[in-house]
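S.K.: Have a look at the structure that comes next, please.
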Amino acid sequence: MARITPVDPATATGRVKEIFEGPLKGKHFNIFRSMAASPAALDVYLGMAGALSNASLSAKEREVIQLAVAQANNCDYCLAAHTMIGKGAGLSEAQTIEARRGTLADPKLDAIAKFALKIQEKRGFVSDADLATFKKAGYTDAHVAEAIATYSLALYTNLFNHVNHTPVDFPTPPAI
């Protein structure tokens, strides 16, 4: 049961109503319904997700980060959500599992998962060698910045779901 009272989109008012009828139309998932207790918190999510949709990192690459970080943080909600979203972005089910394990057969996706997990493990204090390994896989400074931003969005939603005990409203991902 959610600890933050979910907002019913049908009775929402003001900014929350605008969001549910605009960018979240048809996406009335439990995370958003609870996040809607604060329009500012919901706007933070939408702002970050919206900006990242224009990133040079592909949707697949961003989903690899989301899955690796969700697994590292034991966020059941995000594991379920990003397994489904990741498949929609072109990841195979096997790749969603690999991303959660932090080791992918695809060398470029493997590099991004490992870099995200280095950010997690070292709390951002990655070494020059960590950065060089990531860049050697074909990533640029822009990709570094976007990987950090994607990690930050993943951390935001993971922590929100931990505090809220958000009920999972996505299919259960495969066990690993």
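Going through the structure tokens in order, the chains are called A, B, and so on, while each chain numbers its residues from 1 and the ligands are numbered from 1 in the order shown.
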Please identify all polymer residues within 12 Å of range 90-106 of chain A, counting only C-alpha atoms, omitting same-chain residues fewer than 2 positions from it, and present them as a PyMOL selection string.

M.R.: chain A and resi 58-76+78-88+108-118+120+137+173-176

S.K.: I want to know what sits within 10 Å of Ser38 in chain A, based on only C-alpha atoms, with residues of the same chain fewer than 6 positions away left out; could you give that as a ChimeraX atom specification?

M.R.: /A:7,15-16,44

S.K.: Go through range 36-148 of chain A and collect every residue that DSSP, computed from the backbone, puts in alpha helix (DSSP H); the answer should be as a short mmCIF file (atom, residue, chain, number, x, y, z; two decimals) with C-alpha atoms, in the first residue's frame.

M.R.:
```cif
data_model
loop_
_atom_site.label_atom_id
_atom_site.label_comp_id
_atom_site.auth_asym_id
_atom_site.auth_seq_id
_atom_site.Cartn_x
_atom_site.Cartn_y
_atom_site.Cartn_z
CA PRO A 39 3.11 18.98 -8.63
CA ALA A 40 6.72 20.10 -8.17
CA ALA A 41 7.91 16.50 -7.63
CA LEU A 42 5.98 15.36 -10.70
CA ASP A 43 7.43 18.25 -12.72
CA VAL A 44 10.95 17.21 -11.66
CA TYR A 45 10.33 13.73 -13.05
CA LEU A 46 8.75 15.04 -16.27
CA GLY A 47 11.48 17.63 -16.76
CA MET A 48 14.28 15.11 -16.43
CA ALA A 49 12.56 12.41 -18.49
CA GLY A 50 11.57 14.92 -21.15
CA ALA A 51 15.05 16.37 -21.45
CA LEU A 52 16.60 12.90 -21.65
CA ALA A 59 16.40 4.88 -25.46
CA LYS A 60 17.97 1.39 -25.29
CA GLU A 61 21.09 2.77 -23.62
CA ARG A 62 19.06 4.80 -21.14
CA GLU A 63 16.97 1.73 -20.29
CA VAL A 64 20.13 -0.31 -19.66
CA ILE A 65 21.13 2.32 -17.07
CA GLN A 66 17.65 2.28 -15.55
CA LEU A 67 17.66 -1.52 -15.24
CA ALA A 68 21.20 -1.76 -13.85
CA VAL A 69 20.52 0.91 -11.23
CA ALA A 70 17.08 -0.47 -10.31
CA GLN A 71 18.63 -3.89 -9.70
CA ALA A 72 21.49 -2.39 -7.67
CA ASP A 76 10.92 -3.81 -7.68
CA TYR A 77 8.73 -1.09 -9.18
CA CYS A 78 11.44 0.22 -11.51
CA LEU A 79 12.60 -3.29 -12.43
CA ALA A 80 9.08 -4.12 -13.60
CA ALA A 81 8.50 -0.77 -15.32
CA HIS A 82 11.86 -0.61 -17.09
CA THR A 83 11.76 -4.23 -18.19
CA MET A 84 8.58 -3.37 -20.09
CA ILE A 85 9.83 0.03 -21.25
CA GLY A 86 13.20 -1.46 -22.21
CA LYS A 87 11.53 -4.06 -24.40
CA GLY A 88 9.58 -1.24 -26.05
CA GLU A 93 14.17 -9.98 -22.68
CA ALA A 94 17.65 -11.51 -22.42
CA GLN A 95 19.20 -8.03 -22.62
CA THR A 96 16.92 -6.75 -19.84
CA ILE A 97 18.20 -9.59 -17.65
CA GLU A 98 21.81 -8.93 -18.70
CA ALA A 99 21.39 -5.23 -17.88
CA ARG A 100 20.14 -6.11 -14.42
CA ARG A 101 23.21 -8.32 -13.94
CA PRO A 107 30.02 -4.49 -25.82
CA LYS A 108 28.63 -0.96 -26.04
CA LEU A 109 25.60 -1.70 -23.85
CA ASP A 110 27.91 -3.55 -21.46
CA ALA A 111 30.10 -0.46 -21.16
CA ILE A 112 27.15 1.76 -20.27
CA ALA A 113 25.82 -0.67 -17.66
CA LYS A 114 29.25 -0.97 -16.09
CA PHE A 115 29.71 2.81 -16.07
CA ALA A 116 26.34 3.32 -14.38
CA LEU A 117 27.24 0.74 -11.77
CA LYS A 118 30.62 2.46 -11.19
CA ILE A 119 28.71 5.71 -10.56
CA GLN A 120 26.51 3.79 -8.09
CA GLU A 121 29.36 1.94 -6.38
CA LYS A 122 31.64 4.97 -6.10
CA ASP A 128 40.09 8.26 -14.66
CA ALA A 129 40.34 4.59 -15.69
CA ASP A 130 36.55 4.13 -15.29
CA LEU A 131 35.95 7.15 -17.51
CA ALA A 132 38.55 6.05 -20.06
CA THR A 133 37.01 2.57 -20.28
CA PHE A 134 33.58 4.08 -20.91
CA LYS A 135 34.93 6.40 -23.60
CA LYS A 136 36.95 3.60 -25.22
CA ASP A 141 31.73 13.67 -22.97
CA ALA A 142 28.08 14.31 -23.89
CA HIS A 143 27.33 10.64 -23.21
CA VAL A 144 29.07 10.88 -19.83
CA ALA A 145 26.87 13.83 -18.86
CA GLU A 146 23.73 12.06 -20.10
CA ALA A 147 24.64 8.84 -18.31
CA ILE A 148 24.94 10.82 -15.07
#
```

S.K.: Return the single residue from A:Ile31, A:Ala55, A:Val126, A:Ala89 that is closest to Thr157 in chain A, with distances computed using only C-alpha atoms.

M.R.: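 Of A:Ile31, A:Ala55, A:Val126, A:Ala89, the one nearest Thr157 in chain A, counting only C-alpha atoms, is A:Ile31.
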
S.K.: For each of A:Tyr139, A:Phe125, A:Val163, A:Thr172, take the minimum atom-to-atom distance to Ser56 in chain A, counting only C-alpha atoms, then give the residue where this is smallest.

M.R.: A:Tyr139

S.K.: Let me make sure I understand: among A:Asn54, A:Ala37, A:Thr166, A:Thr150, which one has the smallest atom-to-atom distance to Thr13 in chain A if we use only C-alpha atoms?

M.R.: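 Among the listed residues, A:Ala37 lies closest to Thr13 in chain A.
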
S.K.: Please list as a ChimeraX atom specification every residue within 12 Å of Thr5 in chain A, counting only C-alpha atoms and excluding residues in the same chain fewer than 3 positions away.

M.R.: /A:1-2,8,30-38,164-167

S.K.: By how many Å are CA of Leu24 in chain A and CA of Ser53 in chain A apart?

M.R.: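 Atom-to-atom, CA of Leu24 in chain A to CA of Ser53 in chain A, that is 14.7 Å.
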